[in-house]
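Novice: I'd like to ask you about the structure that follows.
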Amino acid sequence: QVQLVESGGGLVQPGGSLRLSCAASRSITSNYVMGWYRQAPGKQRELVADITSGAGTNYADSVKGRFTISRDNAKNMVYLQMNSLKPEDTAVYYCNARHLILNYWGQGTQVTVSS
């Protein structure tokens, strides 16, 4: 069983920054597409950003230019740097790892953007 553990969430003012981290329990990141998703109350879970094993990235339009996803395969870590945060970024953020039919989720970390 692969485990993903997120950290780095919290309360931040609009315009502020946070860095989310995702630690994988074993060496899966080199062959997996790693992603960050989020789910706000009453809304469906949506893709925020993902990154391939070759470091190709994909972002939701709503976060382009503000968020940056990165990965460190040697450490089995994935990061999401979030800048210029807005109240509408408030959600539970989930780390995801997928490869072929395999799909794993973390437990989520709360991000709240409020003054």
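Ordering of the structure tokens sets the chain letters (A, B, ...), residue numbers begin anew at 1 in every chain, and ligands are numbered from 1 in the order given.
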Please identify the strand (DSSP E or B) residues within region 44-79 of chain A (assignment by DSSP from backbone atoms) and present them as a VMD selection string.

Specialist: chain A and resid 46 to 51 57 to 59 67 to 72 77 to 79

Novice: Write out as an MDAnalysis selection string each polymer residue whose atoms come within 9 Å of Gly106 (chain A), counting only C-alpha atoms; drop sequence neighbours fewer than 2 positions from it.

Specialist: chainID A and resid 3:6 22 94:97 104 108:109

Novice: Quick one: of A:Arg26, A:Trp36, A:Leu47, A:Leu11, who's nearest to Gln107 (chain A), counting only C-alpha atoms?

Specialist: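 Looking at the shortest contact to Gln107 (chain A), the residue is A:Trp36.
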
Novice: When you look at Tyr93 (chain A) with a cut-off of 12 Å (counting only C-alpha atoms), what residues show up, excluding the ones that are within fewer than 3 positions of it in the same chain? I need them as an MDAnalysis selection string.

Specialist: chainID A and resid 5:10 18:22 35:41 45:49 79:80 82 89:90 96 105:112

Novice: Would you mind listing what lies within 9 Å of Met77 (chain A) as number ranges by chain, with only C-alpha atoms counted and same-chain residues fewer than 6 positions away left out?

Specialist: A: 21-24, 29, 70-71

Novice: Restricting the output to N, CA, C and O atoms, write the selected residues as an mmCIF file, in the first residue's frame.

Specialist:
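Written out: part.cif:
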```
data_model
loop_
_atom_site.group_PDB
_atom_site.id
_atom_site.type_symbol
_atom_site.label_atom_id
_atom_site.label_comp_id
_atom_site.auth_asym_id
_atom_site.auth_seq_id
_atom_site.Cartn_x
_atom_site.Cartn_y
_atom_site.Cartn_z
ATOM 1 N N SER A 21 3.649 20.332 0.791
ATOM 2 C CA SER A 21 4.559 19.222 0.531
ATOM 3 C C SER A 21 3.791 17.907 0.570
ATOM 4 O O SER A 21 2.812 17.777 1.311
ATOM 5 N N CYS A 22 4.224 16.966 -0.225
ATOM 6 C CA CYS A 22 3.628 15.633 -0.249
ATOM 7 C C CYS A 22 4.752 14.612 -0.202
ATOM 8 O O CYS A 22 5.626 14.593 -1.081
ATOM 9 N N ALA A 23 4.721 13.771 0.818
ATOM 10 C CA ALA A 23 5.734 12.731 0.988
ATOM 11 C C ALA A 23 5.134 11.381 0.626
ATOM 12 O O ALA A 23 4.080 11.004 1.165
ATOM 13 N N ALA A 24 5.797 10.656 -0.252
ATOM 14 C CA ALA A 24 5.353 9.313 -0.624
ATOM 15 C C ALA A 24 6.076 8.286 0.235
ATOM 16 O O ALA A 24 7.247 8.469 0.584
ATOM 17 N N THR A 29 7.529 7.998 -7.184
ATOM 18 C CA THR A 29 7.401 9.256 -7.912
ATOM 19 C C THR A 29 8.067 9.229 -9.280
ATOM 20 O O THR A 29 7.631 9.908 -10.187
ATOM 21 N N SER A 70 6.390 21.098 -8.309
ATOM 22 C CA SER A 70 7.730 20.547 -8.540
ATOM 23 C C SER A 70 7.826 19.194 -7.850
ATOM 24 O O SER A 70 6.990 18.849 -7.000
ATOM 25 N N ARG A 71 8.837 18.433 -8.216
ATOM 26 C CA ARG A 71 9.022 17.127 -7.607
ATOM 27 C C ARG A 71 10.497 16.861 -7.396
ATOM 28 O O ARG A 71 11.349 17.343 -8.160
#
```

Novice: Given only C-alpha atoms as the basis, pick out the residue of A:Asn83, A:Asn103, A:Arg98, A:Ala91 nearest to Gly16 (chain A).

Specialist: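 Counting only C-alpha atoms, the residue closest to Gly16 (chain A) is A:Asn83.
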
Novice: Just give me the gap between CA of Ser115 (chain A) and CA of Ser17 (chain A) in Å, one decimal is fine.

Specialist: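 These atoms are spaced 13.4 Å apart.
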
Novice: I need the residues in chain A that are helix (DSSP H, G or I) according to DSSP; give them as an mmCIF file with N, CA, C and O atoms, in the first residue's frame.

Specialist:
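File written: result22.cif
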```cif
data_model
loop_
_atom_site.group_PDB
_atom_site.id
_atom_site.type_symbol
_atom_site.label_atom_id
_atom_site.label_comp_id
_atom_site.auth_asym_id
_atom_site.auth_seq_id
_atom_site.Cartn_x
_atom_site.Cartn_y
_atom_site.Cartn_z
ATOM 1 N N THR A 29 7.529 7.998 -7.184
ATOM 2 C CA THR A 29 7.401 9.256 -7.912
ATOM 3 C C THR A 29 8.067 9.229 -9.280
ATOM 4 O O THR A 29 7.631 9.908 -10.187
ATOM 5 N N SER A 30 9.117 8.430 -9.472
ATOM 6 C CA SER A 30 9.826 8.493 -10.755
ATOM 7 C C SER A 30 8.979 7.969 -11.904
ATOM 8 O O SER A 30 9.174 8.369 -13.042
ATOM 9 N N ASN A 31 8.033 7.066 -11.639
ATOM 10 C CA ASN A 31 7.216 6.489 -12.709
ATOM 11 C C ASN A 31 5.781 6.977 -12.692
ATOM 12 O O ASN A 31 4.976 6.535 -13.500
ATOM 13 N N ASN A 73 12.369 13.409 -7.098
ATOM 14 C CA ASN A 73 12.235 11.952 -7.129
ATOM 15 C C ASN A 73 13.165 11.256 -6.143
ATOM 16 O O ASN A 73 12.818 10.206 -5.598
ATOM 17 N N ALA A 74 14.314 11.817 -5.905
ATOM 18 C CA ALA A 74 15.270 11.200 -4.983
ATOM 19 C C ALA A 74 14.733 11.166 -3.553
ATOM 20 O O ALA A 74 15.062 10.260 -2.774
ATOM 21 N N LYS A 75 13.903 12.154 -3.227
ATOM 22 C CA LYS A 75 13.342 12.233 -1.876
ATOM 23 C C LYS A 75 11.898 11.772 -1.815
ATOM 24 O O LYS A 75 11.286 11.814 -0.748
ATOM 25 N N PRO A 87 -9.022 34.333 -1.789
ATOM 26 C CA PRO A 87 -10.028 33.613 -0.992
ATOM 27 C C PRO A 87 -10.616 32.403 -1.721
ATOM 28 O O PRO A 87 -10.921 31.390 -1.085
ATOM 29 N N GLU A 88 -10.736 32.498 -3.031
ATOM 30 C CA GLU A 88 -11.296 31.378 -3.792
ATOM 31 C C GLU A 88 -10.347 30.185 -3.892
ATOM 32 O O GLU A 88 -10.728 29.135 -4.416
ATOM 33 N N ASP A 89 -9.124 30.325 -3.400
ATOM 34 C CA ASP A 89 -8.214 29.185 -3.326
ATOM 35 C C ASP A 89 -8.466 28.340 -2.075
ATOM 36 O O ASP A 89 -7.855 27.280 -1.910
#
```

Novice: Compare A:Met34, A:Ser84, A:Val78, A:Ile51 by their minimum atom-to-atom distance to Gly65 (chain A), counting only C-alpha atoms, and give me the closest one.

Specialist: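 Ranked by minimum distance to Gly65 (chain A), first place goes to A:Ser84.
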
Novice: When you count only C-alpha atoms, which of these residues is closest to Asn76 (chain A): A:Val113, A:Gly15, A:Ser53, A:Leu102?

Specialist: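 So, comparing all the options, the nearest one is A:Ser53.
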